[in-house]
Every structure is written in C-alpha cells, then in structure tokens.
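Student: Sending over a structure as structure tokens; questions will come in a sec.
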Amino acid sequence: MPVRLTRTVRITVNPLSSRENAVGSARHNTFASWPAPKGIATWYEFDVVLEGEPDRETGYLMGIDVVDRVVRERTLPLLEQAFDDGNRMPAPALLFLIAAGLEEGLGSMFRQLAWRITPRHQITWSSTQKEASSDARETMSTNTERHVLIRDRFEFSASHRLHCPDQSDEWNRETFGKCNNPNGHGHNYELEVAVDCPVDANGLPALPIEQLECIVEEHVISKLDHRHLNDDCPEFANLNPSVENITVTCHGMLQEAISRAGARLATTTVWETGKTSCTYPVSGA
C-alpha cells in the first residue's frame, strides 16, 4: 500500500571565506544543520516528500540517509552558486532548479519540495506542477507557466466574546464557558496564507512576498489587529467570532485582492492558540 514519507533536511550556507569542501566534510549535528555555521551563515530547511510502496523486506520507502545525502549534494552547490552570483536569482527559479536535481537523484518517488526561506516564509514545488518533458533541467527553463505555493505568516492581537444572542444566557455560558465572559477575552492570533502563484520564465512570481504582505496588512491586519472583534469589526457584527468564523472571514477578505494581483488564495489558517487552529478551505492546497 502506498505511503508518504517526509524528511526535513537543514542546510547552512557559509560565506566564501569559510567554505571548506562542505559536501565531503564530517557530519556531527545534522539535527541543527549541516554544514555547521562558520561565523555568519544562512540557514534553510527543506521538506522532501516521497510517495510509493515500501520495500517488503526492509519496510523502507527510501533510507533517510540516502535522502539526506542526495538533498545536500544536489542543493548545497546551487545555494552556494546563488550567493556567489550576488543572490540575484529569484527564489522560485532556484527552487525549480533544486527540484530538478532532486528528481534526478531521488527518482519517481519524489513528489514535493518545500523550502523554508525563513521560519515564517515558505515556497513549495509539487510534482503536479511539472510540465511534460523528458529532461528535468530543460523543463525548468521552458516558457510554460509554472506555479509555486507561497506561504507567509502574520500575527495580530484581538479580543472577542463568543455569544449567540438568540440563545439564553444560561445556554451561552454552558456552551462557551469562560469564552462567554461579557467583557470578552483576548488572543495573540497567527495567520498563515497559502497562495498558488504563477511564475514567469525568469522565475519571477506574479505576486512577490513583499506585495503579498502589503495585501494582507491592508485587508486583514489593519482591520483586526488590536480590535474587539464583536464591537469594532463590521465583519463580525452578526457573526460569532469563533476561530472557524475568523478563518473563513479572513479568507474572504483576501481572496479578491490576491486574485487581482494575479495569484490564487489556496488556503487560510488561523491559530487561536498554539494548540488550536483552523484552515479554510480544506482542499485548497
């Protein structure tokens, strides 16, 4: 029966002055990153997704040591070259090149590559976005429209009261407990938007991250941050501001503006606490 295996590989790109044949050097703490940072360095995380039938004898889909080795051998030189060239290559273009190398190294089980450029910014390549071509590297340079999934995360603070005015006070207290406090209560919310974004032949996304952040700031953060959602926000005048309703509402507030910018809002996720989050729609990404 097919399974999905995800392996996270952490990589440090060291400056030219401290680079010492990193691919062949000893590995000590790959949990943190490898190569190890030498002075000021740049750190990245890659999530590699494989799908297929596990080997009947070993139970392995692929040994994680193999995944780690292939990812580092194929990725680190491209990252180093990008920095040597002055970091002028757009991130999606570099992502496509890395994915092409991993297709060659990992084979047909390779399905998806997510690159965390920072802890809160991520772009994702998926095998469903490939063009028909026998040469992966040639594919990456075609003029056929390509897409990446861009994830960006934000925060806002707001207070709310969970209360259904058509129900009795007793019913509301039993249903919502402390969240029905008449004076409300607050949360430090986190918001993540996932945007399906076309990328041109030069690797430039139709909606760069900085423009996406302006859209989210204008249409969501400026309207909800440091507000009492029930009293200050017309979006919740007649809508109970549960995390479910907040998520769907944020999605609606962003959808048109992101579409006008040339991309598609795939999903919106809101964390009410570190343990509670909601995503809408469930099949958008």
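Lettering and numbering for the structure tokens are positional, with chains as A, B, ... in the shown order, residues counted from 1 in each chain, and ligands counted from 1 in the shown order.
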Could you list, with a cut-off of 12 Å and counting only C-alpha atoms, the residues of segment 94-181 of chain A near segment 9-13 of chain A, each shown with its nearest atom pair and the distance in Å rounded to one decimal, rows sorted by chain and ascending number, as a Markdown table?
Tutor:
```
| residue | atom | partner | partner_atom | distance |
| --- | --- | --- | --- | --- |
| A:Leu113 | CA | A:Val9 | CA | 10.7 |
| A:Ala114 | CA | A:Val9 | CA | 10.4 |
| A:Trp115 | CA | A:Val9 | CA | 9.8 |
| A:Arg116 | CA | A:Arg10 | CA | 9.7 |
| A:Ile117 | CA | A:Ile11 | CA | 11.1 |
| A:Thr118 | CA | A:Arg10 | CA | 12.0 |
| A:Pro119 | CA | A:Arg10 | CA | 11.9 |
```
Student: Can you list every residue in segment 233-277 of chain A that DSSP puts in strand (DSSP E or B), as an NGL selection string?
Tutor: :A and (264-273 or 276-277)
Student: Go ahead and write the residues just picked, N, CA and C atoms, as a PDB file, in the first residue's frame.
Tutor:
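result_10.pdb written:
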```pdb
ATOM      1  N   ARG A 264      -3.739  33.010  -6.765  1.00  0.00           N
ATOM      2  CA  ARG A 264      -4.946  32.401  -6.206  1.00  0.00           C
ATOM      3  C   ARG A 264      -4.714  32.085  -4.738  1.00  0.00           C
ATOM      4  N   LEU A 265      -5.628  32.547  -3.894  1.00  0.00           N
ATOM      5  CA  LEU A 265      -5.549  32.227  -2.480  1.00  0.00           C
ATOM      6  C   LEU A 265      -5.969  30.772  -2.291  1.00  0.00           C
ATOM      7  N   ALA A 266      -5.030  29.928  -1.901  1.00  0.00           N
ATOM      8  CA  ALA A 266      -5.310  28.494  -1.773  1.00  0.00           C
ATOM      9  C   ALA A 266      -5.960  28.187  -0.428  1.00  0.00           C
ATOM     10  N   THR A 267      -5.283  28.531   0.662  1.00  0.00           N
ATOM     11  CA  THR A 267      -5.850  28.291   1.991  1.00  0.00           C
ATOM     12  C   THR A 267      -5.497  29.432   2.926  1.00  0.00           C
ATOM     13  N   THR A 268      -6.303  29.564   3.959  1.00  0.00           N
ATOM     14  CA  THR A 268      -6.050  30.486   5.060  1.00  0.00           C
ATOM     15  C   THR A 268      -6.111  29.683   6.350  1.00  0.00           C
ATOM     16  N   THR A 269      -5.125  29.862   7.213  1.00  0.00           N
ATOM     17  CA  THR A 269      -5.091  29.176   8.502  1.00  0.00           C
ATOM     18  C   THR A 269      -4.932  30.200   9.605  1.00  0.00           C
ATOM     19  N   VAL A 270      -5.721  30.057  10.653  1.00  0.00           N
ATOM     20  CA  VAL A 270      -5.626  30.932  11.823  1.00  0.00           C
ATOM     21  C   VAL A 270      -5.389  30.070  13.054  1.00  0.00           C
ATOM     22  N   TRP A 271      -4.342  30.421  13.828  1.00  0.00           N
ATOM     23  CA  TRP A 271      -4.092  29.805  15.120  1.00  0.00           C
ATOM     24  C   TRP A 271      -4.667  30.726  16.199  1.00  0.00           C
ATOM     25  N   GLU A 272      -5.597  30.199  16.994  1.00  0.00           N
ATOM     26  CA  GLU A 272      -6.132  30.955  18.120  1.00  0.00           C
ATOM     27  C   GLU A 272      -5.207  30.822  19.327  1.00  0.00           C
ATOM     28  N   THR A 273      -4.658  29.628  19.499  1.00  0.00           N
ATOM     29  CA  THR A 273      -3.603  29.345  20.477  1.00  0.00           C
ATOM     30  C   THR A 273      -2.609  28.425  19.803  1.00  0.00           C
ATOM     31  N   THR A 276      -4.626  25.253  18.959  1.00  0.00           N
ATOM     32  CA  THR A 276      -5.888  25.292  18.227  1.00  0.00           C
ATOM     33  C   THR A 276      -5.754  26.139  16.978  1.00  0.00           C
ATOM     34  N   SER A 277      -6.039  25.529  15.827  1.00  0.00           N
ATOM     35  CA  SER A 277      -6.003  26.269  14.574  1.00  0.00           C
ATOM     36  C   SER A 277      -7.117  25.773  13.679  1.00  0.00           C
TER      37      SER A 277
END
```
Student: So that I can see what lies close to Pro15 of chain A, please list as a list in words the residues with an atom at most 12 Å from it, counting only C-alpha atoms and leaving out residues fewer than 4 positions away in the same chain.
Tutor: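 Listing them by chain and then by number gives Arg19, Glu20, Ala22, Pro35, Ala36, Pro37, Lys38, Gly39, Ile40, Ala41, Thr42, Trp43, Leu79, Glu80, Gln81, Ala82, Phe83, Asp84 and Gly86 of chain A.
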Student: Using DSSP on the backbone coordinates, identify all residues within segment 165-250 of chain A classified as helix (DSSP H, G or I); present the result as a PyMOL selection string.
Tutor: chain A and resi 169-180+209-224+229-232+234-236+243-250
Student: Do you know which residues are at most 9 Å from His163 of chain A counting only C-alpha atoms, after dropping those on the same chain fewer than 5 positions away, and could you put them as a VMD selection string?
Tutor: chain A and resid 169 172 to 173 175 to 176 179 to 182 240 to 241
Student: Pick the closest to Thr249 of chain A from A:Tyr44, A:Phe156, A:Tyr280, A:Tyr60: which is it, counting only C-alpha atoms?
Tutor: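 Comparing A:Tyr44, A:Phe156, A:Tyr280, A:Tyr60 against Thr249 of chain A, the winner is A:Tyr280.
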Student: Name the closest residue to Ala32 of chain A among the candidates A:Thr128, A:Asp55, A:Glu45, A:Val195; distances are taken between atoms, counting only C-alpha atoms.
Tutor: A:Glu45
Student: Mind checking which residues fall within 10 Å of Glu53 of chain A, counting only C-alpha atoms, ignoring those fewer than 3 positions away in the same chain, and posting them as number ranges by chain?
Tutor: A: 1-4, 56, 59-62, 109
Student: For the selection just defined, write its residues with C-alpha atoms to a file, as an mmCIF file, in the first residue's frame.
Tutor:
```cif
data_model
loop_
_atom_site.group_PDB
_atom_site.id
_atom_site.type_symbol
_atom_site.label_atom_id
_atom_site.label_comp_id
_atom_site.auth_asym_id
_atom_site.auth_seq_id
_atom_site.Cartn_x
_atom_site.Cartn_y
_atom_site.Cartn_z
ATOM 1 C CA MET A 1 0.000 0.000 0.000
ATOM 2 C CA PRO A 2 1.480 3.408 -0.952
ATOM 3 C CA VAL A 3 2.734 5.661 1.844
ATOM 4 C CA ARG A 4 4.035 9.232 2.070
ATOM 5 C CA ARG A 56 8.765 -5.622 1.557
ATOM 6 C CA GLY A 59 9.963 -1.654 5.221
ATOM 7 C CA TYR A 60 11.764 1.393 3.791
ATOM 8 C CA LEU A 61 10.386 3.649 1.117
ATOM 9 C CA MET A 62 13.898 5.089 0.912
ATOM 10 C CA MET A 109 9.013 8.693 -5.759
#
```
Student: Name the residues in contact with Arg260 of chain A at a cut-off of 12 Å, using only C-alpha atoms, excluding same-chain residues fewer than 2 positions from it; report them as a list in words.
Tutor: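 So the residues in contact are Ala206, Leu207, Gln211, Leu212, Ile215, Leu254, Gln255, Glu256, Ala257, Ile258, Gly262, Ala263, Arg264 and Leu265 of chain A.
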Student: Excluding Ile98 of chain A and any residue of its chain fewer than 2 positions from it, enumerate the residues within 8 Å of it, using only C-alpha atoms, and give them as a list of chain:residue names.
Tutor: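 What passes the distance filter is A:Arg74, A:Thr75, A:Leu78, A:Leu94, A:Leu95, A:Phe96, A:Ala100, A:Gly101, A:Leu102.
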Student: Please measure the separation of atom CA of Ile123 of chain A and atom CA of Ile150 of chain A, giving the value in Å to one decimal.
Tutor: 4.4 Å
